[in-house]
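Visitor: The following file, final.cif, comprises mmCIF, C-alpha atoms:
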```
data_query
loop_
_atom_site.label_atom_id
_atom_site.label_comp_id
_atom_site.auth_asym_id
_atom_site.auth_seq_id
_atom_site.Cartn_x
_atom_site.Cartn_y
_atom_site.Cartn_z
CA MET A 1 0.00 0.00 0.00
CA ASN A 2 1.45 3.37 -1.07
CA LEU A 3 0.59 5.60 1.89
CA LYS A 4 1.20 8.86 0.05
CA ILE A 5 -1.16 7.87 -2.74
CA MET A 6 -3.72 6.56 -0.25
CA LEU A 7 -3.82 9.79 1.73
CA ALA A 8 -3.76 12.01 -1.34
CA THR A 9 -6.76 10.09 -2.72
CA ALA A 10 -8.45 10.24 0.66
CA LEU A 11 -8.35 14.03 0.59
CA LEU A 12 -10.73 14.03 -2.40
CA PRO A 13 -14.39 14.46 -1.41
CA VAL A 14 -16.42 11.24 -1.25
CA ALA A 15 -18.78 12.70 -3.83
CA VAL A 16 -15.89 12.96 -6.31
CA LEU A 17 -14.79 9.39 -5.67
CA THR A 18 -18.22 7.82 -5.84
CA GLY A 19 -20.58 10.19 -7.64
CA THR A 20 -22.91 10.20 -4.63
CA GLN A 21 -23.58 12.69 -1.87
CA ALA A 22 -22.55 11.56 1.62
CA GLN A 23 -23.77 12.76 5.01
CA ALA A 24 -20.50 13.17 6.85
CA LYS A 25 -18.37 15.40 9.01
CA VAL A 26 -15.42 15.56 11.37
CA VAL A 27 -17.51 15.62 14.56
CA ASP A 28 -14.72 16.60 16.92
CA GLN A 29 -11.01 17.40 16.72
CA GLY A 30 -8.44 18.25 19.38
CA ALA A 31 -4.82 17.87 20.37
CA LEU A 32 -5.33 14.23 21.40
CA GLY A 33 -7.39 12.93 18.49
CA PHE A 34 -10.56 13.27 16.43
CA THR A 35 -13.95 11.74 15.64
CA VAL A 36 -15.58 11.31 12.23
CA ALA A 37 -19.14 10.21 11.49
CA HIS A 38 -21.02 9.08 8.39
CA THR A 39 -24.63 8.03 7.87
CA ALA A 40 -26.67 6.49 5.08
CA GLN A 41 -30.04 4.88 4.50
CA VAL A 42 -30.65 1.80 2.38
CA ALA A 43 -33.64 -0.15 1.11
CA ALA A 44 -32.42 -3.29 2.89
CA THR A 45 -33.44 -4.90 6.16
CA PRO A 46 -31.16 -4.72 9.22
CA GLU A 47 -30.65 -8.47 8.77
CA ASP A 48 -29.36 -7.92 5.23
CA VAL A 49 -27.09 -5.09 6.39
CA TRP A 50 -25.64 -7.30 9.13
CA LYS A 51 -25.05 -10.14 6.70
CA MET A 52 -23.19 -7.82 4.33
CA LEU A 53 -21.14 -6.30 7.16
CA ARG A 54 -19.75 -9.76 7.85
CA MET A 55 -18.40 -9.96 4.28
CA PRO A 56 -15.94 -7.04 3.95
CA GLN A 57 -14.52 -8.60 0.80
CA LYS A 58 -17.73 -7.44 -0.93
CA TRP A 59 -17.68 -3.79 0.16
CA TRP A 60 -14.41 -2.63 1.78
CA SER A 61 -12.34 -0.79 -0.82
CA LYS A 62 -9.35 -2.63 -2.28
CA ALA A 63 -7.66 0.79 -2.52
CA HIS A 64 -7.40 0.64 1.27
CA SER A 65 -5.94 -2.84 1.48
CA TRP A 66 -2.34 -4.00 1.82
CA SER A 67 -2.64 -6.68 -0.86
CA GLY A 68 -4.53 -4.64 -3.45
CA ASP A 69 -7.28 -7.27 -3.63
CA ALA A 70 -10.52 -7.04 -1.61
CA ALA A 71 -10.95 -10.80 -1.94
CA ASN A 72 -8.26 -11.18 0.74
CA PHE A 73 -10.41 -9.53 3.46
CA TRP A 74 -12.24 -11.63 6.01
CA LEU A 75 -14.09 -10.95 9.28
CA ASP A 76 -14.92 -13.14 12.28
CA SER A 77 -17.99 -11.35 13.68
CA GLN A 78 -17.75 -12.29 17.36
CA ALA A 79 -16.03 -10.62 20.32
CA GLY A 80 -12.29 -11.09 19.92
CA GLY A 81 -12.73 -11.92 16.24
CA CYS A 82 -10.48 -10.47 13.57
CA PHE A 83 -11.09 -8.16 10.63
CA CYS A 84 -8.03 -9.37 8.77
CA GLU A 85 -6.43 -9.60 5.36
CA LYS A 86 -4.34 -12.33 3.76
CA LEU A 87 -1.10 -11.31 2.08
CA PRO A 88 -0.40 -13.63 -0.89
CA ASP A 89 2.76 -15.69 -1.02
CA THR A 90 5.36 -13.83 -3.08
CA GLY A 91 8.00 -16.49 -2.59
CA LYS A 92 8.61 -15.84 1.11
CA GLY A 93 5.47 -17.41 2.53
CA LEU A 94 1.92 -16.21 3.26
CA GLY A 95 1.45 -13.04 5.28
CA SER A 96 -1.47 -11.44 7.09
CA VAL A 97 -2.68 -8.12 8.49
CA GLN A 98 -5.05 -7.41 11.37
CA HIS A 99 -7.01 -4.29 10.48
CA ALA A 100 -9.15 -4.45 13.63
CA ARG A 101 -10.58 -6.79 16.22
CA ILE A 102 -14.22 -7.13 17.26
CA LEU A 103 -15.13 -5.60 20.63
CA PHE A 104 -18.93 -5.82 20.50
CA ALA A 105 -21.27 -7.69 18.20
CA LYS A 106 -25.05 -7.47 18.49
CA PRO A 107 -26.56 -8.94 15.32
CA ASN A 108 -28.61 -6.53 13.21
CA GLU A 109 -27.86 -3.62 15.57
CA ILE A 110 -24.22 -2.87 16.47
CA LEU A 111 -20.76 -3.94 15.39
CA ARG A 112 -17.83 -2.26 17.19
CA LEU A 113 -14.21 -2.77 16.15
CA SER A 114 -10.90 -1.60 17.57
CA GLY A 115 -8.17 -0.81 15.07
CA ALA A 116 -6.01 1.96 13.62
CA PHE A 117 -6.55 1.68 9.87
CA GLY A 118 -4.02 2.20 7.09
CA PRO A 119 -1.06 4.45 7.97
CA LEU A 120 -2.49 4.98 11.47
CA GLN A 121 -1.49 1.40 12.27
CA GLY A 122 2.15 2.47 12.61
CA GLU A 123 1.33 5.10 15.25
CA ALA A 124 0.66 4.81 19.00
CA LEU A 125 -3.08 5.22 18.49
CA THR A 126 -6.36 3.63 19.43
CA GLY A 127 -9.10 3.70 16.81
CA THR A 128 -12.67 2.57 17.55
CA LEU A 129 -15.17 2.09 14.72
CA THR A 130 -18.79 1.73 15.83
CA ILE A 131 -21.31 0.69 13.19
CA GLN A 132 -24.97 1.13 14.16
CA ILE A 133 -27.98 -0.21 12.28
CA LYS A 134 -31.58 0.88 12.81
CA GLU A 135 -34.73 -0.27 11.07
CA THR A 136 -36.62 2.44 9.18
CA PRO A 137 -39.91 2.46 7.23
CA THR A 138 -37.93 2.22 3.98
CA GLY A 139 -35.26 -0.25 5.12
CA ALA A 140 -32.38 0.58 7.44
CA ALA A 141 -30.28 3.52 8.61
CA ILE A 142 -26.54 2.96 9.05
CA ARG A 143 -24.07 5.09 10.97
CA PHE A 144 -20.26 4.81 11.12
CA ASP A 145 -18.45 6.58 13.99
CA TYR A 146 -14.65 6.36 14.05
CA VAL A 147 -12.90 7.74 17.15
CA VAL A 148 -9.10 8.08 17.07
CA GLY A 149 -6.88 9.09 19.99
CA GLY A 150 -3.29 8.82 21.18
CA TYR A 151 0.12 9.88 19.89
CA MET A 152 0.78 10.23 16.16
CA ARG A 153 3.42 11.83 13.98
CA PHE A 154 0.81 13.23 11.58
CA LYS A 155 -0.71 16.69 11.93
CA ILE A 156 -4.27 16.16 13.14
CA ASP A 157 -5.72 18.92 10.98
CA GLU A 158 -4.30 17.12 7.93
CA ILE A 159 -4.99 13.50 8.82
CA ALA A 160 -8.53 13.94 10.24
CA PRO A 161 -10.19 14.97 6.94
CA ALA A 162 -8.24 12.26 5.10
CA VAL A 163 -9.45 9.56 7.51
CA ASP A 164 -12.95 11.04 7.36
CA THR A 165 -13.04 10.49 3.60
CA VAL A 166 -11.60 6.97 3.82
CA ILE A 167 -14.23 5.90 6.38
CA GLY A 168 -16.94 7.52 4.27
CA GLU A 169 -15.76 5.61 1.23
CA GLN A 170 -16.26 2.33 3.11
CA LEU A 171 -19.84 3.24 4.01
CA VAL A 172 -20.47 4.13 0.37
CA GLY A 173 -19.10 0.72 -0.59
CA LEU A 174 -21.40 -0.96 1.92
CA THR A 175 -24.48 0.87 0.67
CA ALA A 176 -23.54 0.10 -2.95
CA ALA A 177 -23.31 -3.60 -2.10
CA LEU A 178 -26.81 -3.32 -0.61
CA GLY A 179 -28.31 -1.70 -3.70
CA GLY A 180 -27.32 1.94 -3.17
CA ALA A 181 -28.01 4.65 -0.63
CA LEU A 182 -31.42 6.31 -0.32
CA PRO A 183 -31.56 10.12 -0.07
CA PRO A 184 -33.20 11.42 3.12
CA SER A 185 -36.82 12.48 2.60
CA ARG A 186 -37.84 16.11 3.07
CA ALA A 187 -39.68 15.19 6.26
CA GLU A 188 -36.63 13.39 7.66
CA LYS A 189 -34.31 16.26 6.79
CA ALA A 190 -36.69 18.81 8.33
CA ALA A 191 -36.97 16.71 11.49
CA ALA A 192 -33.19 16.38 11.64
CA GLU A 193 -32.70 20.13 11.29
CA GLU A 194 -35.32 20.75 13.97
CA ALA A 195 -33.66 18.27 16.33
CA GLY A 196 -30.26 19.84 15.68
CA GLU A 197 -31.54 23.32 16.51
CA ALA A 198 -33.28 22.07 19.64
CA ALA A 199 -30.03 20.49 20.82
CA LEU A 200 -28.02 23.72 20.54
CA PRO A 201 -28.94 25.26 23.94
CA ALA A 202 -27.91 22.05 25.73
CA LYS A 203 -24.58 22.01 23.90
CA LYS A 204 -23.86 25.63 24.81
CA ALA A 205 -24.65 25.28 28.50
CA PRO A 206 -21.39 24.12 30.15
CA LYS A 207 -22.94 23.77 33.60
CA LYS A 208 -25.49 21.26 32.32
CA ALA A 209 -22.98 19.15 30.44
CA GLU A 210 -21.29 17.66 33.52
CA PRO A 211 -24.42 16.19 35.20
CA GLU A 212 -25.52 14.61 31.92
CA LYS A 213 -22.40 12.44 31.90
CA ASN A 214 -23.57 10.74 35.11
CA ASP A 215 -27.17 10.33 33.95
CA PRO A 216 -27.55 6.63 33.02
CA GLU A 217 -30.53 7.40 30.81
CA LYS A 218 -28.45 9.79 28.66
CA ALA A 219 -25.15 7.95 28.74
CA GLU A 220 -25.15 7.22 24.99
CA PRO A 221 -27.22 8.99 22.29
CA SER A 222 -29.59 6.90 20.22
CA LEU A 223 -29.08 6.39 16.51
CA ASP A 224 -32.03 8.76 15.94
CA ASP A 225 -30.23 11.53 17.85
CA ALA A 226 -26.95 10.78 16.10
CA MET A 227 -28.54 10.81 12.64
CA ALA A 228 -30.33 14.07 13.40
CA ASP A 229 -27.15 15.69 14.65
CA LEU A 230 -25.24 14.67 11.52
CA LEU A 231 -27.93 15.72 9.05
CA ALA A 232 -28.50 19.11 10.67
CA ASP A 233 -26.45 21.96 9.24
CA PRO A 234 -24.23 23.27 12.08
CA PRO A 235 -24.36 27.08 12.59
CA ALA A 236 -21.32 28.96 11.34
CA ALA A 237 -20.50 30.21 14.83
CA ALA A 238 -20.45 26.75 16.40
CA GLU A 239 -16.75 26.20 15.80
CA GLY A 240 -15.90 29.41 17.58
CA ASP A 241 -17.70 28.28 20.71
CA LYS A 242 -15.26 25.48 21.49
CA GLU A 243 -13.13 26.22 24.52
CA ASP A 244 -10.04 24.55 23.11
CA ASP A 245 -9.89 26.70 19.97
CA ALA A 246 -7.11 28.75 21.58
CA THR A 247 -4.92 25.66 21.68
CA ALA A 248 -5.94 24.28 18.29
CA PRO A 249 -3.10 23.46 15.85
CA PRO A 250 -2.19 26.12 13.27
CA GLU A 251 -3.72 26.14 9.80
CA ALA A 252 -2.51 23.14 7.79
CA SER A 253 -0.08 23.85 4.98
CA PRO A 254 -1.08 22.57 1.52
CA GLY A 255 0.04 19.15 0.40
CA LEU A 256 1.14 16.14 2.41
CA SER A 257 4.70 17.11 3.25
CA VAL A 258 4.28 15.30 6.56
CA LEU A 259 4.78 12.05 4.65
CA ASP A 260 7.84 13.17 2.68
#
```
Let me see whether you can do it: turn the structure in this file into structure tokens.
Guide:
Amino acid sequence: MNLKIMLATALLPVAVLTGTQAQAKVVDQGALGFTVAHTAQVAATPEDVWKMLRMPQKWWSKAHSWSGDAANFWLDSQAGGCFCEKLPDTGKGLGSVQHARILFAKPNEILRLSGAFGPLQGEALTGTLTIQIKETPTGAAIRFDYVVGGYMRFKIDEIAPAVDTVIGEQLVGLTAALGGALPPSRAEKAAAEEAGEAALPAKKAPKKAEPEKNDPEKAEPSLDDAMADLLADPPAAAEGDKEDDATAPPEASPGLSVLD
């Protein structure tokens, strides 16, 4: 795998790579790591989505493999199982790569993996990919959340958007394998925007944020909340409200000189 080419390609928008519009964003970014999220809806049942998830060779991009052939991917969908790749024998014996291991598997609902993908594998990082599935009137909603934290030699403001695009490309591959993504309906988009606006006061109230962490009923947002948050257009001033903006890394320089 040529890491320079992989990251340069990753910096292209998902829409350019696939011809489809993706619902995606870098949800959070700081000195210690970042979070990216992607959602899609498909005209397939949660059971069909789960079945396809277990066959990465049919949807994970070969461009983000070490062997260059998606047929070498395989996944053991139980706790402790491996999302791995075979490396063909080139005269020195067979090789293999562990992309991630399974932390949590709840059929037709949640698959959570731990792994630093691609060039992140060589850094002192932890990466957690949570894939949620929810039944909808038209099929199923799917959400990918990838949380990365730890020490890395890359500049976060350069690597975060690259990883964001790579993860988005995998969700596009999954939806394509399931017949293609469905666009959100007007009603769903309006509801998402409404939910996003309603959530703003809670996000801007620092004194209320601490108690919510200890509230067992609000420990983890539902997929409905997560989808609404992602679909809603964030206000332009939202980025300026973050307390850690003063310590944010400087503006990234063009190109990928970090890999030179």
Visitor: Using CA of Cys82 in chain A and CA of Ser96 in chain A as the two end points, give the distance in Å to one decimal.
Guide: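 It comes out at 11.1 Å.
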Visitor: State, in Å with one decimal place, the distance from CA of Gly150 in chain A to CA of Leu120 in chain A.
Guide: 10.5 Å
Visitor: Once the PyMOL selection byres ((chain A and resi 37-47) around 7) has been evaluated on this model, what residues remain selected, and can you format them as a PyMOL selection string?
Guide: chain A and resi 23-27+35-36+48-51+108+133-135+138-146+168+175+178+180-182+227
Visitor: Here's the selection I'm unsure about, the PyMOL selection byres ((chain A and resi 148) around 10); applied to the file above, which residues does it give, as a PyMOL selection string?
Guide: chain A and resi 29+32-36+114-117+120+125-129+145-147+149-151+160+163
Visitor: Quick one: pull the distance between CA of Pro56 in chain A and CA of His99 in chain A, Å, one decimal.
Guide: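 According to the coordinates, CA of Pro56 in chain A and CA of His99 in chain A are separated by 11.4 Å.
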Visitor: Counting all atoms listed in the file, which of A:Ala100, A:Ala162, A:Ala79, A:Leu53 gets nearest to Ala177 in chain A?
Guide: A:Leu53
